[in-house]
Every structure is written in C-alpha cells, then in structure tokens.
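Visitor: You'll find start_34.txt just under this line, and it carries compact mmCIF, C-alpha atoms and all ligand atoms.
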# COMPACT_ATOMS: atom_id res chain seq x y z
CA MET A 367 -20.98 180.82 21.74
CA GLN A 368 -19.59 182.93 18.91
CA LYS A 369 -18.29 179.81 17.25
CA PHE A 370 -21.76 178.31 17.32
CA CYS A 371 -23.35 181.39 15.82
CA TYR A 372 -20.79 181.34 13.06
CA PHE A 373 -21.59 177.71 12.45
CA VAL A 374 -25.28 178.54 12.23
CA LEU A 375 -24.59 181.26 9.71
CA VAL A 376 -22.52 179.01 7.46
CA PHE A 377 -25.03 176.22 7.83
CA SER A 378 -27.96 178.40 6.90
CA VAL A 379 -26.37 180.15 3.97
CA SER A 380 -25.27 176.81 2.53
CA SER A 381 -28.77 175.59 3.03
CA LEU A 382 -30.04 178.45 0.90
CA VAL A 383 -27.61 177.61 -1.85
CA PHE A 384 -27.87 173.83 -1.78
CA GLY A 385 -31.56 173.67 -1.02
CA HIS A 386 -32.31 174.55 -4.59
CA LEU A 387 -30.25 171.79 -6.11
CA LYS A 388 -32.36 169.11 -7.68
CA CYS A 389 -32.83 166.05 -5.57
CA HIS A 390 -32.06 162.78 -7.31
CA ARG A 391 -34.50 159.95 -7.23
CA PRO A 392 -33.32 157.51 -4.59
CA LYS A 393 -31.86 154.28 -5.96
CA HIS A 394 -32.45 152.09 -2.95
CA THR A 395 -35.93 152.77 -1.83
CA THR A 396 -37.97 151.53 1.05
CA LEU A 397 -39.92 149.58 -1.53
CA SER A 398 -36.96 147.71 -3.00
CA SER A 399 -35.60 146.90 0.47
CA ILE A 400 -38.90 145.32 1.45
CA VAL A 401 -39.06 143.32 -1.77
CA GLU A 402 -35.44 142.17 -1.39
CA HIS A 403 -36.37 140.60 1.92
CA GLY A 404 -39.18 138.65 0.31
CA TYR A 405 -42.09 140.72 1.61
CA PRO A 406 -44.91 142.09 -0.53
CA ALA A 407 -44.63 145.88 -0.93
CA GLU A 408 -46.90 148.55 -2.31
CA TYR A 409 -46.35 152.14 -3.34
CA HIS A 410 -49.21 154.60 -2.81
CA ARG A 411 -49.48 158.25 -3.69
CA VAL A 412 -51.90 160.02 -1.40
CA ILE A 413 -53.33 163.37 -2.47
CA THR A 414 -53.64 165.62 0.57
CA GLY A 415 -56.37 168.15 1.31
CA ASP A 416 -54.39 171.02 -0.23
CA GLY A 417 -53.28 169.17 -3.36
CA ASN A 418 -49.89 167.91 -2.24
CA ILE A 419 -48.74 164.37 -2.88
CA VAL A 420 -47.24 162.18 -0.17
CA VAL A 421 -45.85 158.73 -0.80
CA VAL A 422 -46.87 155.92 1.52
CA PHE A 423 -45.40 152.41 1.40
CA ARG A 424 -47.26 149.36 2.54
CA ILE A 425 -46.49 145.79 3.60
CA PRO A 426 -50.00 144.43 3.17
CA TYR A 427 -49.46 140.98 4.66
CA SER A 428 -46.79 138.54 5.78
CA PRO A 429 -45.33 135.91 3.43
CA LYS A 430 -44.73 133.75 6.51
CA LEU A 431 -48.39 133.82 7.55
CA HIS A 432 -50.02 133.78 4.09
CA ASN A 433 -52.67 135.99 5.64
CA MET A 434 -53.68 138.07 2.63
CA ASN A 435 -57.33 137.14 3.11
CA ALA A 436 -57.44 137.30 6.89
CA LYS A 437 -58.48 140.34 8.87
CA ARG A 438 -55.35 142.41 9.32
CA PRO A 439 -55.51 145.37 11.73
CA ILE A 440 -54.02 148.51 10.20
CA VAL A 441 -50.97 150.19 11.67
CA LEU A 442 -49.40 153.44 10.48
CA LEU A 443 -45.72 154.30 11.05
CA GLN A 444 -44.52 157.89 10.76
CA HIS A 445 -40.84 158.94 10.69
CA GLY A 446 -39.03 161.94 12.21
CA LEU A 447 -37.61 165.25 11.00
CA MET A 448 -35.47 165.05 7.82
CA SER A 449 -35.92 161.31 7.89
CA SER A 450 -38.01 158.96 5.75
CA SER A 451 -39.87 155.67 5.64
CA ASP A 452 -36.44 153.94 5.66
CA THR A 453 -36.39 154.45 9.44
CA TRP A 454 -38.89 151.65 9.97
CA ILE A 455 -37.25 148.95 7.85
CA ALA A 456 -33.56 149.71 8.55
CA SER A 457 -32.95 146.99 11.14
CA GLY A 458 -34.10 144.26 8.76
CA PRO A 459 -36.80 141.55 9.00
CA ASN A 460 -35.68 140.20 12.39
CA ASN A 461 -35.60 143.51 14.20
CA ALA A 462 -37.33 146.37 12.38
CA LEU A 463 -40.82 147.33 13.50
CA ALA A 464 -42.42 147.27 10.03
CA TYR A 465 -41.49 143.63 9.37
CA LEU A 466 -42.26 142.47 12.90
CA LEU A 467 -45.72 144.03 12.64
CA ALA A 468 -46.35 142.36 9.29
CA ASP A 469 -45.33 139.00 10.77
CA ALA A 470 -47.64 139.64 13.72
CA GLY A 471 -50.57 139.84 11.28
CA PHE A 472 -50.89 143.60 10.75
CA ASP A 473 -51.47 145.61 7.58
CA VAL A 474 -48.47 147.95 7.75
CA TRP A 475 -48.48 151.47 6.28
CA ILE A 476 -45.32 153.57 6.29
CA GLY A 477 -45.75 157.31 5.71
CA ASN A 478 -43.47 159.98 4.27
CA THR A 479 -43.77 163.70 4.92
CA ARG A 480 -44.42 166.13 2.08
CA GLY A 481 -41.31 167.37 0.33
CA ASN A 482 -39.05 164.54 1.50
CA VAL A 483 -36.99 162.40 -0.85
CA TYR A 484 -39.91 160.07 -1.65
CA SER A 485 -42.69 162.63 -1.73
CA ARG A 486 -40.92 165.21 -3.87
CA LYS A 487 -43.32 164.78 -6.71
CA ALA A 488 -45.59 167.80 -6.53
CA LYS A 489 -45.45 169.77 -9.76
CA LYS A 490 -44.98 173.11 -8.12
CA PRO A 491 -43.49 172.47 -4.73
CA SER A 492 -44.31 175.09 -2.16
CA TRP A 493 -42.16 175.17 0.95
CA LYS A 494 -44.62 177.22 2.98
CA PHE A 495 -45.37 174.51 5.50
CA SER A 496 -44.14 173.26 8.84
CA TRP A 497 -45.06 170.13 10.77
CA HIS A 498 -48.32 171.90 11.50
CA GLU A 499 -49.54 171.27 7.94
CA ILE A 500 -48.00 167.79 7.90
CA GLY A 501 -50.08 166.87 10.96
CA TYR A 502 -53.25 168.81 10.26
CA ILE A 503 -53.56 167.98 6.55
CA ASP A 504 -51.27 165.12 5.50
CA MET A 505 -51.60 162.75 8.44
CA ALA A 506 -55.38 163.07 8.29
CA ALA A 507 -55.26 162.20 4.58
CA ILE A 508 -52.98 159.19 5.14
CA ILE A 509 -55.13 157.83 7.97
CA ASP A 510 -58.31 158.11 5.89
CA TYR A 511 -56.61 156.63 2.85
CA ALA A 512 -55.28 153.58 4.74
CA LEU A 513 -58.66 152.93 6.37
CA TRP A 514 -60.32 153.06 2.96
CA LYS A 515 -57.73 151.15 0.94
CA ASN A 516 -57.44 148.29 3.43
CA GLY A 517 -60.97 147.35 2.34
CA GLN A 518 -61.92 145.49 5.52
CA LYS A 519 -64.26 148.18 6.88
CA GLN A 520 -61.91 149.03 9.73
CA ARG A 521 -62.79 152.30 11.42
CA SER A 522 -59.58 152.82 13.35
CA LEU A 523 -55.89 151.97 13.33
CA HIS A 524 -52.77 151.80 15.49
CA TYR A 525 -50.22 154.59 15.15
CA VAL A 526 -46.48 154.72 15.82
CA GLY A 527 -44.50 157.94 15.42
CA HIS A 528 -40.87 158.77 16.03
CA SER A 529 -39.81 162.31 16.97
CA GLN A 530 -41.53 164.63 14.47
CA GLY A 531 -43.84 161.68 13.79
CA THR A 532 -45.13 162.26 17.34
CA THR A 533 -45.40 166.05 16.93
CA VAL A 534 -47.65 165.69 13.89
CA PHE A 535 -49.83 163.28 15.84
CA PHE A 536 -50.25 165.81 18.67
CA VAL A 537 -51.10 168.53 16.11
CA LEU A 538 -53.77 166.49 14.33
CA MET A 539 -55.37 164.96 17.41
CA SER A 540 -55.55 168.24 19.34
CA LEU A 541 -56.90 170.41 16.52
CA ARG A 542 -59.14 167.83 14.81
CA PRO A 543 -60.20 165.79 17.84
CA GLN A 544 -62.68 163.73 15.82
CA TYR A 545 -59.60 161.85 14.52
CA ASN A 546 -59.07 160.37 17.98
CA GLU A 547 -61.90 158.00 17.17
CA LYS A 548 -59.77 156.59 14.37
CA ILE A 549 -56.97 155.62 16.75
CA LYS A 550 -56.81 152.32 18.64
CA THR A 551 -53.46 152.76 20.37
CA ALA A 552 -50.81 155.40 19.69
CA HIS A 553 -47.10 155.06 20.40
CA MET A 554 -44.95 158.14 20.68
CA LEU A 555 -41.25 157.25 20.44
CA ALA A 556 -39.22 160.20 21.74
CA PRO A 557 -42.28 162.47 22.02
CA VAL A 558 -41.52 166.04 20.94
CA ALA A 559 -44.06 168.70 21.92
CA ILE A 560 -43.00 170.82 24.89
CA MET A 561 -39.30 171.72 24.58
CA LYS A 562 -38.92 174.01 27.54
CA ASN A 563 -36.07 172.29 29.34
CA ILE A 564 -33.74 171.56 26.46
CA ASN A 565 -30.37 172.13 27.98
CA SER A 566 -28.20 173.07 25.04
CA LYS A 567 -26.48 176.36 24.42
CA CYS A 568 -25.99 175.28 20.85
CA LEU A 569 -29.71 174.92 20.10
CA ARG A 570 -30.68 177.98 22.13
CA CYS A 571 -28.20 180.03 20.15
CA ILE A 572 -29.62 178.75 16.86
CA ALA A 573 -33.13 179.47 18.18
CA TYR A 574 -32.11 183.03 19.05
CA VAL A 575 -30.51 183.68 15.66
CA CYS A 576 -33.61 182.36 13.86
CA ARG A 577 -36.27 183.99 16.07
CA PRO A 578 -39.34 185.48 14.33
CA GLY A 579 -38.54 188.85 12.82
CA SER A 580 -34.79 188.18 12.54
CA LEU A 581 -32.85 188.38 9.32
CA MET A 582 -31.99 184.69 9.47
CA ASN A 583 -35.64 183.84 9.87
CA TYR A 584 -36.44 185.97 6.84
CA LEU A 585 -33.73 184.28 4.77
CA LEU A 586 -34.61 180.75 5.74
CA SER A 587 -38.37 180.60 5.93
CA ASP A 588 -40.47 179.13 3.12
CA GLU A 589 -37.39 177.50 1.56
CA ALA A 590 -36.50 173.89 0.89
CA SER A 591 -34.11 172.64 3.52
CA ILE A 592 -30.71 171.18 2.94
CA THR A 593 -30.43 168.10 0.80
CA TRP A 594 -26.68 167.73 0.73
CA LYS A 595 -24.71 164.90 2.17
CA LEU A 596 -24.63 163.86 5.75
CA GLU A 597 -20.82 163.61 5.86
CA LEU A 598 -20.57 167.33 5.35
CA ILE A 599 -22.86 168.03 8.25
CA MET A 600 -21.07 165.51 10.41
CA LYS A 601 -17.79 167.26 9.68
CA PHE A 602 -19.28 170.52 10.86
CA LEU A 603 -20.73 168.93 13.96
CA LYS A 604 -17.47 167.26 14.91
CA LYS A 605 -15.51 170.42 14.26
CA TYR A 606 -17.75 172.59 16.41
CA ASP A 607 -18.41 169.84 18.90
CA CYS A 608 -22.13 170.20 19.15
CA PRO A 609 -22.86 167.26 21.44
CA LEU A 610 -26.60 167.71 21.17
CA LEU A 611 -26.73 167.24 17.44
CA ALA A 612 -24.29 164.37 17.68
CA ASN A 613 -26.94 162.74 19.87
CA ILE A 614 -28.96 162.08 16.74
CA PHE A 615 -26.16 160.05 15.21
CA HIS A 616 -24.82 158.72 18.47
CA GLU A 617 -22.81 155.62 17.82
CA LYS A 618 -22.72 153.50 20.94
CA ASP A 619 -25.04 150.47 21.00
CA MET A 620 -26.35 151.50 17.64
CA ASN A 621 -26.84 149.02 14.83
CA LYS A 622 -24.45 150.68 12.39
CA THR A 623 -25.65 148.77 9.34
CA ALA A 624 -29.20 149.72 10.19
CA ASN A 625 -28.25 153.31 10.85
CA ASN A 626 -26.59 153.58 7.46
CA ILE A 627 -29.83 152.44 5.86
CA ALA A 628 -31.94 154.73 8.03
CA ILE A 629 -29.86 157.76 7.08
CA ARG A 630 -29.04 156.85 3.48
CA HIS A 631 -31.11 159.80 2.35
CA PHE A 632 -30.43 162.01 5.33
CA PRO A 633 -31.35 164.82 5.42
CA SER A 634 -34.17 163.62 3.27
CA GLY A 635 -35.71 167.01 2.74
CA GLY A 636 -38.59 169.18 3.74
CA SER A 637 -39.12 172.83 4.52
CA ASN A 638 -36.93 175.02 6.73
CA ASN A 639 -40.15 176.03 8.45
CA GLN A 640 -40.27 172.62 10.14
CA ILE A 641 -36.95 173.38 11.82
CA LEU A 642 -37.90 176.99 12.55
CA HIS A 643 -41.15 175.89 14.16
CA TYR A 644 -39.20 173.67 16.58
CA LEU A 645 -36.80 176.51 17.32
CA PHE A 646 -39.73 178.82 18.18
CA ASN A 647 -41.02 176.21 20.61
CA ILE A 648 -37.60 175.91 22.22
CA ARG A 649 -37.58 179.69 22.75
CA SER A 650 -41.15 179.97 24.00
CA GLY A 651 -40.98 176.76 26.03
CA GLU A 652 -44.51 176.00 24.87
CA PHE A 653 -46.19 173.85 22.26
CA ARG A 654 -47.58 176.58 20.00
CA GLN A 655 -48.61 177.02 16.38
CA TYR A 656 -46.23 178.61 13.88
CA ASP A 657 -45.05 182.12 14.75
CA TYR A 658 -45.29 184.46 11.72
CA GLY A 659 -44.40 187.55 13.76
CA PRO A 660 -46.97 189.76 15.53
CA ARG A 661 -48.53 191.40 12.47
CA LYS A 662 -49.27 188.26 10.49
CA ASN A 663 -50.18 186.39 13.67
CA ILE A 664 -53.01 188.85 14.28
CA ARG A 665 -54.29 188.28 10.76
CA LYS A 666 -54.01 184.50 11.06
CA TYR A 667 -54.84 183.78 14.66
CA SER A 668 -56.43 187.06 15.85
CA SER A 669 -53.77 187.29 18.52
CA LYS A 670 -50.17 188.47 18.67
CA ARG A 671 -48.91 185.12 19.88
CA PRO A 672 -49.74 181.91 18.08
CA PRO A 673 -52.24 179.74 19.99
CA LEU A 674 -51.23 176.72 22.06
CA TYR A 675 -52.07 173.25 20.79
CA PRO A 676 -54.88 172.02 23.06
CA VAL A 677 -53.36 168.62 23.89
CA GLU A 678 -56.06 168.08 26.55
CA ARG A 679 -58.31 167.14 23.66
CA ILE A 680 -56.23 164.09 22.68
CA LYS A 681 -58.49 161.31 23.92
CA SER A 682 -56.54 158.47 22.27
CA GLU A 683 -54.69 155.88 24.32
CA THR A 684 -51.28 157.52 24.01
CA HIS A 685 -48.15 155.63 25.03
CA LEU A 686 -45.11 157.84 25.62
CA TRP A 687 -41.80 156.02 25.13
CA TYR A 688 -39.00 158.26 26.43
CA SER A 689 -35.46 158.11 27.79
CA ASP A 690 -33.11 160.00 30.07
CA ALA A 691 -30.38 160.54 27.49
CA ASP A 692 -32.56 162.00 24.76
CA THR A 693 -31.62 165.67 24.69
CA PHE A 694 -34.56 166.62 22.49
CA THR A 695 -37.15 165.34 24.92
CA PRO A 696 -36.20 166.32 28.47
CA VAL A 697 -37.89 163.99 30.95
CA VAL A 698 -39.51 166.92 32.79
CA ASP A 699 -41.19 168.06 29.57
CA VAL A 700 -42.42 164.57 28.74
CA LEU A 701 -43.96 164.31 32.21
CA THR A 702 -45.62 167.74 31.86
CA LEU A 703 -47.10 166.61 28.56
CA ALA A 704 -48.24 163.30 30.06
CA ARG A 705 -50.13 165.15 32.80
CA ARG A 706 -52.05 167.14 30.18
CA LEU A 707 -52.98 164.16 28.04
CA PRO A 708 -56.22 162.53 29.19
CA LYS A 709 -55.03 158.99 28.51
CA SER A 710 -51.26 158.68 28.62
CA ILE A 711 -49.16 155.69 29.58
CA LEU A 712 -45.48 156.23 30.33
CA HIS A 713 -42.68 153.88 29.27
CA ARG A 714 -39.26 155.00 30.43
CA MET A 715 -36.38 153.24 28.70
CA PRO A 716 -34.34 151.28 31.27
CA ASP A 717 -31.00 152.08 29.55
CA PRO A 718 -29.96 155.57 30.75
CA LYS A 719 -27.88 156.02 27.57
CA TRP A 720 -30.80 155.39 25.21
CA SER A 721 -30.65 158.28 22.70
CA HIS A 722 -33.05 159.97 20.31
CA SER A 723 -32.48 157.72 17.33
CA ALA A 724 -32.01 154.60 19.47
CA PHE A 725 -35.79 154.21 19.29
CA THR A 726 -35.41 153.01 15.72
CA VAL A 727 -31.85 151.68 15.28
CA HIS A 728 -30.57 150.54 18.69
CA MET A 729 -29.14 147.00 18.83
CA GLN A 730 -31.82 146.15 21.40
CA VAL A 731 -34.70 147.99 19.75
CA ARG A 732 -36.68 144.82 19.26
CA ARG A 733 -36.53 143.79 22.90
CA PHE A 734 -37.16 147.19 24.49
CA VAL A 735 -39.45 148.92 21.98
CA ASN A 736 -40.80 146.86 19.11
CA ASP A 737 -41.90 143.67 20.89
CA PRO A 738 -43.57 145.58 23.76
CA ILE A 739 -45.45 147.80 21.29
CA ILE A 740 -46.70 144.80 19.33
CA ALA A 741 -47.78 143.12 22.58
CA ILE A 742 -49.87 146.20 23.50
CA MET A 743 -51.49 146.26 20.05
CA LYS A 744 -52.24 142.54 20.17
CA ARG A 745 -53.75 142.85 23.61
CA TYR A 746 -56.00 145.60 22.26
CA GLU A 747 -57.06 143.44 19.31
CA GLN A 748 -57.82 140.44 21.50
CA LYS A 749 -60.00 142.42 23.90
CA LYS A 750 -63.63 141.47 23.56
CA PRO A 751 -65.93 144.22 22.34
CA LYS A 752 -67.47 146.15 25.27
CA LYS A 753 -71.04 145.00 24.57
CA HIS A 754 -69.98 141.40 25.07
CA ILE A 755 -68.47 142.07 28.44
CA MET A 756 -71.56 143.97 29.60
CA ARG A 757 -73.82 141.10 28.65
CA ASN A 758 -71.66 138.62 30.57
CA ILE A 759 -71.69 140.78 33.63
CA ARG A 760 -75.46 141.08 33.55
CA TYR A 761 -75.73 137.33 33.18
CA ILE A 762 -73.57 136.73 36.23
CA LEU A 763 -75.57 139.24 38.27
C1 LIG B 1 -28.82 145.38 12.26
O1 LIG B 1 -29.21 145.81 10.98
C2 LIG B 1 -29.03 144.85 9.94
C3 LIG B 1 -29.35 145.52 8.61
O2 LIG B 1 -30.69 145.74 8.43
C4 LIG B 1 -29.84 143.62 10.25
O3 LIG B 1 -29.63 142.65 9.25
C5 LIG B 1 -29.56 143.08 11.63
O4 LIG B 1 -30.40 142.03 11.94
C6 LIG B 1 -29.67 144.18 12.66
N1 LIG B 1 -29.28 143.68 13.96
C7 LIG B 1 -29.88 144.04 15.10
C8 LIG B 1 -29.41 143.39 16.34
O5 LIG B 1 -30.79 144.87 15.13
Here is a file; write its structure as structure tokens.
Guide:
Amino acid sequence: MQKFCYFVLVFSVSSLVFGHLKCHRPKHTTLSSIVEHGYPAEYHRVITGDGNIVVVFRIPYSPKLHNMNAKRPIVLLQHGLMSSSDTWIASGPNNALAYLLADAGFDVWIGNTRGNVYSRKAKKPSWKFSWHEIGYIDMAAIIDYALWKNGQKQRSLHYVGHSQGTTVFFVLMSLRPQYNEKIKTAHMLAPVAIMKNINSKCLRCIAYVCRPGSLMNYLLSDEASITWKLELIMKFLKKYDCPLLANIFHEKDMNKTANNIAIRHFPSGGSNNQILHYLFNIRSGEFRQYDYGPRKNIRKYSSKRPPLYPVERIKSETHLWYSDADTFTPVVDVLTLARRLPKSILHRMPDPKWSHSAFTVHMQVRRFVNDPIIAIMKRYEQKKPKKHIMRNIRYIL
C-alpha cells in the first residue's frame, strides 16, 4: 500500500512538471493514416459553446463504393481517456471500425476531446474541465456540427464511444435529454459510469490520496495532465506491479501493430480533472458531477454533494458492450446502470479475458464488436418508417 502511495506521489509531481512542457504536433496523424490507406479524409475544427476548439476527422465516403452522392447515414466515434481519434483507425482498413463503417456506406466522424494532442489549438488553454464539460458542451457541438455539415438534412446519427467516450455520452444525454432525439443507436464499449465495485487497492489508494480537499487534489486540479512518453509510465507500472493499470495495455490477443498506432500519442493529453473526476466516482461509488469540495459545491450546485447524473432520462437505444475481465467496468456496475437506462441492450463479450482496450485493438475486434455494431446500425437504417407500417396494418385490418 505504501509503495503505491509513493508511486502516486512521484507520478503526480512529475505530471506537474512535465504537464507544462510544450506538446509537439503529431507527425503521423489520424488524417495521414486514412489517406495512406486510400480513403478520403477531412479535418474539421469545431468551435464549442464556450469557445474551445476540438478537432474532428471525417471519412466522408468509401472509395470502394463511390457513394459520395448517395445518402450516407452519419456515425460519430468518440475515444477514451488520454486517447485520441487514432483508436478508431488503428487496426487498419480490414478491421478498424472507422473504415468498416465507411465501406458499409456511412459518413464517419471521429472526435477528439479538448486539450488532446489534436485539439491543442486553443490560444489560451484552460485546464478547468473534466469529462463533464467534454460531454455537456463539446459532444453537443460535434453532434450538431456533423448533422449540419453532412448536408443531407439528417436529424440524427449513430454514436459509438469507448470508455470515457461512453461517460461523455451519459453526461450529455442525461443532462440535455433533448439530444436523445439526435441519436439513432448508441454503442457503449466498456461503459464507464458507476464505478462502485472496482476491486483494486491501487486505484482506491490513488482515489484516497486525491480526494476533494486533499493536498494532492489541490496540486493536481486545473492542470494539464502528463504528456510524456508511455514507456516511462510502463516502467513505473511494471516496477510497482499495478495489474489494474496494466489491464489497459494488456498484451494477450491484442493486435500489437494496431496497439502501437492507437497509443502512439499516449497519453494524448487533457486535464487532470478528468482523472480526478473518475477517482471521485470510485470513492463515492456513484455517477456524480464534479466534486469541488463542500463550499464551492454549495455555490455551484446548491448542495454539499454534487448531484447525480439522471441516467433515467437517457431515452436513446443504448447498447452496452462489456466484459468480465475489464477491471474498470465491473459487471455488477454495468448491470446496475443497465437497469436504470430506459432502453438498454446488453452485449457481454464471450471471451472472459476480453480487456478494457480489447474493444478497439483485439485481434478479433471485427468479429465480436465491429461487425455486430454495423449490423445493428444497418438494421436500423433498413427499418421502414413507422407511418408506413401503421398504414399497412390498417390496410390488412
Ligand atoms: C492489426 O493491425 C494492423 C495495423 O493496422 C492491420 O494491418 C491488421 O490488419 C490488423 N489485424 C487484425 C487481425 O486486426
């Protein structure tokens, strides 16, 4: 336990020091990867409600289908914590979700969170945000932008999120429920909301050290998070044998080439508050808004404790893709969440060793995740509009 706390201290202090180092512009971008594989790619800068800039990539159509003038249903892909749009293209054209969707006739949009390696463009970056703001402000902006820019008068889109990409969906859809009308089907890969049953001394220790009101919390909050190299972190993890964190980079059955692409900018940047917010939820066991400590909470929320996210309001068709081996999303917590969502469909991964990042870079990701998701979206698109069905029924009667 002491060892872990020491690790946390070193980790956090280094984060303070290195967080301020300038981040270099990535050489190999999502954009160039897409182009290298012969697909059309676009780069969009979306201005969010509070004046931030987030970068969104797009594969507008498939070169195999030549469908630039056909109706192409929009789909939005959103990556996880400290990750980037690279997640969705890492397994290449034959396996990665972004390419498969394009080849299935979709207009594919790939988001980036504010402050990550691609979105680090704001003139005066402020790090006073957690995934709350990313969901509430940025995801809303990206959804509206994609619907508008597609130009085919589509009113709704399909959504796929991984890890934090699911958390931001839950935030937006519970607090701005009118956005549910803009969702056709939603796919939560490794859904992170309730984190009550996380069984890891390592994380619980970190959560304790960084609790609201603690010195570590004071030092870390509102700062840019670590941008130094993954190898350094891996060294730490191996040395202190933190099996939970190793779960993110777990090696078995993983497409190593793809993983190297997915994590080429890892950790791709953001605010420490994103991590802190998760740690608060681990401690409280509940899916709550950001905890500023009792005094500021009263000013902000008119209550000492931050309010719960009202997930009962998420009316979208929400598919939860989860696994037994994913330490960040204990099965019990996923099931609790599913019971609270009005329209949830559960998909348990058959492989008991399926880990957190397996949802994007597993050798079998196409077979067990990507193809089934595309089948669900296609089924939705092929459904006749309700009015049609009603008329037929009346005719038969
Ligand atoms: C693994 O990733 C590489 C690099 O993107 C890709 O070319 C290959 O098809 C992938 N293989 C599988 C089985 O996902």
Visitor: Identify which of the residues A:Lys670, A:His631, A:Lys709, A:Arg733 lies closest to ligand LIG 1 (chain B), counting all atoms listed in the file when measuring atom-to-atom distances.
Guide: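 Closest candidate: A:Arg733.
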Visitor: Could I get the residue neighbourhood of ligand LIG 1 (chain B) at 8 Å, counting only C-alpha atoms and all ligand atoms, as a PyMOL selection string?
Guide: chain A and resi 455-462+621-625+627+727-732
Visitor: Using only C-alpha atoms, pick whichever of A:Phe653, A:Tyr688, A:Tyr525, A:Phe694 has the shortest atom-to-atom distance to A:Asp473.
Guide: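 Among A:Phe653, A:Tyr688, A:Tyr525, A:Phe694, it is A:Tyr525 that comes nearest to A:Asp473.
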Visitor: Residues near A:Lys437, anyone? I mean within 9 Å using all atoms listed in the file, not counting same-chain ones fewer than 3 positions away, as a ChimeraX atom specification.
Guide: /A:433-434,471-473,518
Visitor: Between atom CA of A:Met505 and atom CA of A:Asn482, what is the spacing in Å?
Guide: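 Spanning atom CA of A:Asn482 to atom CA of A:Met505 is a straight-line distance of 14.5 Å.
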Visitor: Mind giving me the straight-line distance from atom CA of A:Ser529 to atom CA of A:Leu555 in Å, one decimal?
Guide: 6.3 Å
Visitor: I want to know what sits within 12 Å of A:Ala506, based on all atoms listed in the file, with residues of the same chain fewer than 2 positions away left out; could you give that as a compact mmCIF listing (two decimals) with C-alpha atoms, in the coordinates of the input?
Guide:
# COMPACT_ATOMS: atom_id res chain seq x y z
CA VAL A 412 -51.90 160.02 -1.40
CA ILE A 413 -53.33 163.37 -2.47
CA THR A 414 -53.64 165.62 0.57
CA GLY A 415 -56.37 168.15 1.31
CA ASP A 416 -54.39 171.02 -0.23
CA VAL A 420 -47.24 162.18 -0.17
CA LEU A 442 -49.40 153.44 10.48
CA GLY A 477 -45.75 157.31 5.71
CA HIS A 498 -48.32 171.90 11.50
CA GLU A 499 -49.54 171.27 7.94
CA ILE A 500 -48.00 167.79 7.90
CA GLY A 501 -50.08 166.87 10.96
CA TYR A 502 -53.25 168.81 10.26
CA ILE A 503 -53.56 167.98 6.55
CA ASP A 504 -51.27 165.12 5.50
CA ILE A 508 -52.98 159.19 5.14
CA ILE A 509 -55.13 157.83 7.97
CA ASP A 510 -58.31 158.11 5.89
CA TYR A 511 -56.61 156.63 2.85
CA ALA A 512 -55.28 153.58 4.74
CA LEU A 513 -58.66 152.93 6.37
CA VAL A 534 -47.65 165.69 13.89
CA PHE A 535 -49.83 163.28 15.84
CA PHE A 536 -50.25 165.81 18.67
CA VAL A 537 -51.10 168.53 16.11
CA LEU A 538 -53.77 166.49 14.33
CA MET A 539 -55.37 164.96 17.41
CA LEU A 541 -56.90 170.41 16.52
CA ARG A 542 -59.14 167.83 14.81
CA PRO A 543 -60.20 165.79 17.84
CA GLN A 544 -62.68 163.73 15.82
CA TYR A 545 -59.60 161.85 14.52
CA ASN A 546 -59.07 160.37 17.98
CA LYS A 548 -59.77 156.59 14.37
CA ILE A 549 -56.97 155.62 16.75
Visitor: What does the structure give for the distance between atom CA of A:His643 and atom CA of A:Lys562, in Å to one decimal?
Guide: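 About the pair atom CA of A:His643 and atom CA of A:Lys562: they are 13.7 Å apart.
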Visitor: Render stretch 395-400 of chain A from the structure in the preceding block as a file of all heavy atoms, as a PDB file, in the first residue's frame.
Guide:
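Dumped to decode_3.pdb:
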ATOM      1  N   THR A 395      -0.640  11.536 -38.243  1.00  0.00           N
ATOM      2  CA  THR A 395      -1.941  11.865 -37.697  1.00  0.00           C
ATOM      3  C   THR A 395      -2.975  10.868 -38.185  1.00  0.00           C
ATOM      4  O   THR A 395      -2.731  10.088 -39.103  1.00  0.00           O
ATOM      5  CB  THR A 395      -2.367  13.268 -38.139  1.00  0.00           C
ATOM      6  OG1 THR A 395      -2.546  13.235 -39.539  1.00  0.00           O
ATOM      7  CG2 THR A 395      -1.334  14.286 -37.763  1.00  0.00           C
ATOM      8  N   THR A 396      -4.122  10.941 -37.548  1.00  0.00           N
ATOM      9  CA  THR A 396      -5.249  10.138 -38.000  1.00  0.00           C
ATOM     10  C   THR A 396      -5.480  10.411 -39.478  1.00  0.00           C
ATOM     11  O   THR A 396      -5.684   9.498 -40.279  1.00  0.00           O
ATOM     12  CB  THR A 396      -6.504  10.524 -37.196  1.00  0.00           C
ATOM     13  OG1 THR A 396      -6.238  10.334 -35.814  1.00  0.00           O
ATOM     14  CG2 THR A 396      -7.688   9.675 -37.589  1.00  0.00           C
ATOM     15  N   LEU A 397      -5.409  11.690 -39.820  1.00  0.00           N
ATOM     16  CA  LEU A 397      -5.670  12.114 -41.200  1.00  0.00           C
ATOM     17  C   LEU A 397      -4.738  11.431 -42.196  1.00  0.00           C
ATOM     18  O   LEU A 397      -5.174  10.839 -43.180  1.00  0.00           O
ATOM     19  CB  LEU A 397      -5.512  13.637 -41.297  1.00  0.00           C
ATOM     20  CG  LEU A 397      -6.095  14.289 -42.531  1.00  0.00           C
ATOM     21  CD1 LEU A 397      -7.594  14.477 -42.352  1.00  0.00           C
ATOM     22  CD2 LEU A 397      -5.441  15.634 -42.804  1.00  0.00           C
ATOM     23  N   SER A 398      -3.421  11.480 -41.907  1.00  0.00           N
ATOM     24  CA  SER A 398      -2.482  10.911 -42.873  1.00  0.00           C
ATOM     25  C   SER A 398      -2.624   9.397 -42.954  1.00  0.00           C
ATOM     26  O   SER A 398      -2.457   8.804 -44.017  1.00  0.00           O
ATOM     27  CB  SER A 398      -1.047  11.317 -42.544  1.00  0.00           C
ATOM     28  OG  SER A 398      -0.683  10.834 -41.285  1.00  0.00           O
ATOM     29  N   SER A 399      -2.951   8.746 -41.843  1.00  0.00           N
ATOM     30  CA  SER A 399      -3.176   7.295 -41.877  1.00  0.00           C
ATOM     31  C   SER A 399      -4.326   6.951 -42.808  1.00  0.00           C
ATOM     32  O   SER A 399      -4.233   6.013 -43.606  1.00  0.00           O
ATOM     33  CB  SER A 399      -3.517   6.759 -40.487  1.00  0.00           C
ATOM     34  OG  SER A 399      -2.394   6.765 -39.670  1.00  0.00           O
ATOM     35  N   ILE A 400      -5.406   7.719 -42.692  1.00  0.00           N
ATOM     36  CA  ILE A 400      -6.585   7.434 -43.523  1.00  0.00           C
ATOM     37  C   ILE A 400      -6.232   7.614 -45.000  1.00  0.00           C
ATOM     38  O   ILE A 400      -6.552   6.774 -45.840  1.00  0.00           O
ATOM     39  CB  ILE A 400      -7.768   8.351 -43.133  1.00  0.00           C
ATOM     40  CG1 ILE A 400      -8.181   8.110 -41.677  1.00  0.00           C
ATOM     41  CG2 ILE A 400      -8.962   8.122 -44.057  1.00  0.00           C
ATOM     42  CD1 ILE A 400      -9.196   9.094 -41.134  1.00  0.00           C
TER      43      ILE A 400
END
